[in-house]
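Student: Sharing a structure, written as structure tokens. Questions coming.
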Amino acid sequence: MARPKKETLAWLASIAGELNSETLRKLEETLVWYREMPAGRRASVGVVAQSGISSFLAWYDNPKSQPWVAADVFGVAPRELLRSISLQQTLQLIRVVVQVVEERVVREDPEMREAVLLYSREIAFSAADVYAKAAEARGLWDARLEALVVDSILSGEHTDEIASRVAALGWRANGSVVVLIGNTPEHLDADQLRRLARKADTDVLIGVHGDRLIVVVGIVTKSNAPRVNVGFSQIVASLESSFGQGPVVIGPTVRDVSSANVSARAALSAFAVVRNSKTERVLHADDVLAERALAGDALAKQTLVDKIYKPLASNSIELLETLEAYLECGRSLEATAKKLFVHANTVRYRLKRISDVIGWDPTGAHEAFVLQVAMVLGNMQSTESDISK
């Protein structure tokens with residue numbers, strides 16, 4: 001004959017201390033991760049387990065009360081405990097508590113078996129609910145922090161804080177970084193983009209600014225195995241399908257995420273000048289340096305002067321004069337030779353040297369346009385410098 005519920009509750013309360021002691025002993029005996037915890041954290045886990053015993057009594061008295069995992073137990077534990085114990089470890093903890101209760105209580109009162117089984121089911125589901133809500137909250141927090149980091153990279157503000165902020169997001173990239181900018185697709189699948197990035201041994205930060213999609217890409221180098229040198233162009237080729245229609249601009253490569261603003265500024269400027277034009281699907285920001293300079297981009301202007309005008313001026317004033325004459329004469333070898341009073345072959349030789357020095361071929365139509373803009377900017381800068389003296 002089953003004993004009255006009031007008597008059962010009184011009996012359970014009388015053995016609660018024994019159940020607590022047995023639970024702690026069982027935790028020490030069966031769970032390796034519990035034994036290896038620092039003393040303070042182990043004590044917190046013990047408090048959680050003991051709360052499970054006392055909460056079982058409350059649940060047995062009123063099965064409709066809030067399950068202990070969601071309300072009582074983690075309410076008495078420090079918040080850092082939730083971050084240090086995984087869901088798997090929590091379920092192991094629950095299993096030990098239920099096992100202790102079952103071995104002692106059900107052995108002495110078989111009528112309690114159903115109650116223990118129902119209780120174990122309730123707390124297991126409740127534990128899963130706690131961790132699901134925590135994961136959802138962390139996901140929302142990560143999304144806000146990621147948006148903040150991308151904003152900081154685009155604006156150039158708080159660059160000294162970017163490294164610590166991306167570390168909080170789990171940023172694994174320890175190699176070079178570039179910023180990609182393109183149109184936002186109608187249905188952005190950020191998870192798919194992250195999967196593609198992981199397959200390419202890269203890490204990404206994703207930001208959506210209106211109809212622009214900004215992706216910061218960093219290479220993950222592995223210390224235990226040499227990495228095959230893969231260019232960013234190949235990596236971007238695997239990611240460009242995540243962008244909407246139109247061009248995808250690759251900013252200049254920088255050393256780390258703290259310097260990503262340099263790449264972002266160039267990519268933003270380039271995207272602004274090519275966005276509505278018919279151009280290649282993927283292009284580098286430096287492919288449109290002249291267009292960016294004409295649009296007022298100070299960085300592009302200085303880059304043209306530094307990469308074209310200054311190397312020629314420091315290498316040979318003769319090369320500088322030849323390039324200037326060649327461009328002014330409409331890229332005509334004969335006209336240039338006459339203007340400089342040299343043979344046409346001499347002009348050819350000098351043009352070849354110019355190409356070797358700066359990497360741009362003056363005989364190409366678009367490259368000649370770039371060089372002409374660079375020459376104008378360089379001459380303007382030299383004139384301003386002379387005036388200031």
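Chain labels run A, B, ... following the order of the structure tokens; each chain numbers its residues from 1, and ligands are numbered from 1 in the order shown.
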Pull the strand (DSSP E) assignments for stretch 126-299 of chain A out of DSSP run on the backbone, and list those residues as a ChimeraX atom specification.
Tutor: /A:177-183,202-209,212-219,248-250,282-284
Student: From the options A:Ala167, A:Leu154, A:Val249, A:Ile235, which residue's atoms come nearest to A:Arg275, counting only C-alpha atoms?
Tutor: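 Closest residue, counting only C-alpha atoms: A:Val249.
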Student: Might you pull out every residue within 8 Å of A:Gly244, with only C-alpha atoms counted and same-chain residues fewer than 3 positions away left off, and present them as an NGL selection string?
Tutor: :A and (182-186 or 241)
Student: Counting only C-alpha atoms, figure out which residue out of A:Asp160, A:Leu91, A:Asp151, A:Val357 gets nearest to A:Ala313.
Tutor: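 Result for the nearest residue to A:Ala313: A:Val357.
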Student: So that I can check the surroundings of A:Met375, please list as a list in words every protein, DNA and RNA residue that reaches within 8 Å of it, counting only C-alpha atoms and ignoring chain neighbours fewer than 2 positions away.
Tutor: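 So, after excluding close chain neighbours, the residues are Val305, Ile308, Tyr309, Glu324, Leu371, Gln372, Val373, Leu377, Gly378 and Asn379 of chain A.
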Student: How about saving the chosen residues, C-alpha atoms kept, as an mmCIF file, in the first residue's frame?
Tutor:
```cif
data_model
loop_
_atom_site.group_PDB
_atom_site.id
_atom_site.type_symbol
_atom_site.label_atom_id
_atom_site.label_comp_id
_atom_site.auth_asym_id
_atom_site.auth_seq_id
_atom_site.Cartn_x
_atom_site.Cartn_y
_atom_site.Cartn_z
ATOM 1 C CA VAL A 305 51.868 59.702 -57.040
ATOM 2 C CA ILE A 308 54.097 56.079 -60.522
ATOM 3 C CA TYR A 309 55.377 59.640 -60.370
ATOM 4 C CA GLU A 324 55.112 62.947 -70.206
ATOM 5 C CA LEU A 371 49.620 57.176 -66.038
ATOM 6 C CA GLN A 372 48.355 60.484 -67.398
ATOM 7 C CA VAL A 373 46.300 61.122 -64.260
ATOM 8 C CA LEU A 377 48.808 64.773 -59.887
ATOM 9 C CA GLY A 378 52.570 64.403 -59.505
ATOM 10 C CA ASN A 379 53.253 67.687 -61.315
#
```
Student: Would you pick out the contacts of A:Val98 at 9 Å or less, using only C-alpha atoms, so that residues sharing its chain but fewer than 2 positions from it are not included, and give the list as a count of residues only?
Tutor: 14
Student: Excluding A:Gly364 and residues on its chain fewer than 3 positions from it, collect all residues at most 12 Å away from it, counting only C-alpha atoms, and give them as JSON, numbers by chain.
Tutor: {"A": [327, 330, 331, 351, 355, 359, 360, 361, 367, 368, 369, 370, 371, 372]}
Student: Those selected residues, please, written with N, CA and C atoms and delivered as a PDB file, in the first residue's frame.
Tutor:
```pdb
ATOM      1  N   LEU A 327      52.689  60.715 -73.616  1.00  0.00           N
ATOM      2  CA  LEU A 327      51.264  60.871 -73.339  1.00  0.00           C
ATOM      3  C   LEU A 327      50.713  62.133 -73.999  1.00  0.00           C
ATOM      4  N   GLY A 330      49.860  61.808 -77.747  1.00  0.00           N
ATOM      5  CA  GLY A 330      48.834  60.837 -78.106  1.00  0.00           C
ATOM      6  C   GLY A 330      49.365  59.434 -78.295  1.00  0.00           C
ATOM      7  N   ARG A 331      50.426  59.077 -77.565  1.00  0.00           N
ATOM      8  CA  ARG A 331      51.073  57.752 -77.609  1.00  0.00           C
ATOM      9  C   ARG A 331      51.628  57.439 -79.000  1.00  0.00           C
ATOM     10  N   LEU A 351      60.337  53.456 -72.895  1.00  0.00           N
ATOM     11  CA  LEU A 351      58.998  52.995 -72.484  1.00  0.00           C
ATOM     12  C   LEU A 351      59.071  51.624 -71.820  1.00  0.00           C
ATOM     13  N   SER A 355      58.003  50.741 -67.942  1.00  0.00           N
ATOM     14  CA  SER A 355      57.143  49.618 -67.562  1.00  0.00           C
ATOM     15  C   SER A 355      57.811  48.753 -66.503  1.00  0.00           C
ATOM     16  N   GLY A 359      55.648  49.056 -63.357  1.00  0.00           N
ATOM     17  CA  GLY A 359      54.701  47.955 -63.527  1.00  0.00           C
ATOM     18  C   GLY A 359      53.505  48.277 -64.386  1.00  0.00           C
ATOM     19  N   TRP A 360      53.414  49.490 -64.916  1.00  0.00           N
ATOM     20  CA  TRP A 360      52.334  49.863 -65.831  1.00  0.00           C
ATOM     21  C   TRP A 360      52.903  50.017 -67.241  1.00  0.00           C
ATOM     22  N   ASP A 361      52.147  49.555 -68.230  1.00  0.00           N
ATOM     23  CA  ASP A 361      52.591  49.635 -69.623  1.00  0.00           C
ATOM     24  C   ASP A 361      51.991  50.878 -70.286  1.00  0.00           C
ATOM     25  N   GLU A 367      45.896  51.845 -69.209  1.00  0.00           N
ATOM     26  CA  GLU A 367      47.066  52.128 -68.379  1.00  0.00           C
ATOM     27  C   GLU A 367      47.643  53.492 -68.716  1.00  0.00           C
ATOM     28  N   ALA A 368      47.582  53.888 -69.982  1.00  0.00           N
ATOM     29  CA  ALA A 368      48.045  55.225 -70.363  1.00  0.00           C
ATOM     30  C   ALA A 368      47.188  56.297 -69.688  1.00  0.00           C
ATOM     31  N   PHE A 369      45.874  56.018 -69.582  1.00  0.00           N
ATOM     32  CA  PHE A 369      44.969  56.939 -68.887  1.00  0.00           C
ATOM     33  C   PHE A 369      45.368  57.067 -67.423  1.00  0.00           C
ATOM     34  N   VAL A 370      45.666  55.934 -66.777  1.00  0.00           N
ATOM     35  CA  VAL A 370      46.086  55.937 -65.375  1.00  0.00           C
ATOM     36  C   VAL A 370      47.379  56.740 -65.217  1.00  0.00           C
ATOM     37  N   LEU A 371      48.332  56.488 -66.112  1.00  0.00           N
ATOM     38  CA  LEU A 371      49.620  57.176 -66.038  1.00  0.00           C
ATOM     39  C   LEU A 371      49.468  58.678 -66.252  1.00  0.00           C
ATOM     40  N   GLN A 372      48.556  59.060 -67.148  1.00  0.00           N
ATOM     41  CA  GLN A 372      48.355  60.484 -67.398  1.00  0.00           C
ATOM     42  C   GLN A 372      47.805  61.180 -66.161  1.00  0.00           C
TER      43      GLN A 372
END
```
Student: Find the spatial neighbours of A:Ile214, counting only C-alpha atoms, within a cut-off of 7 Å - ignore same-chain residues fewer than 6 positions away - and output them as a ChimeraX atom specification.
Tutor: /A:180-182,206-208
Student: Atom CA of A:Lys352 and atom CA of A:Glu280 are how many Å apart?
Tutor: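 So the answer is 27.7 Å.
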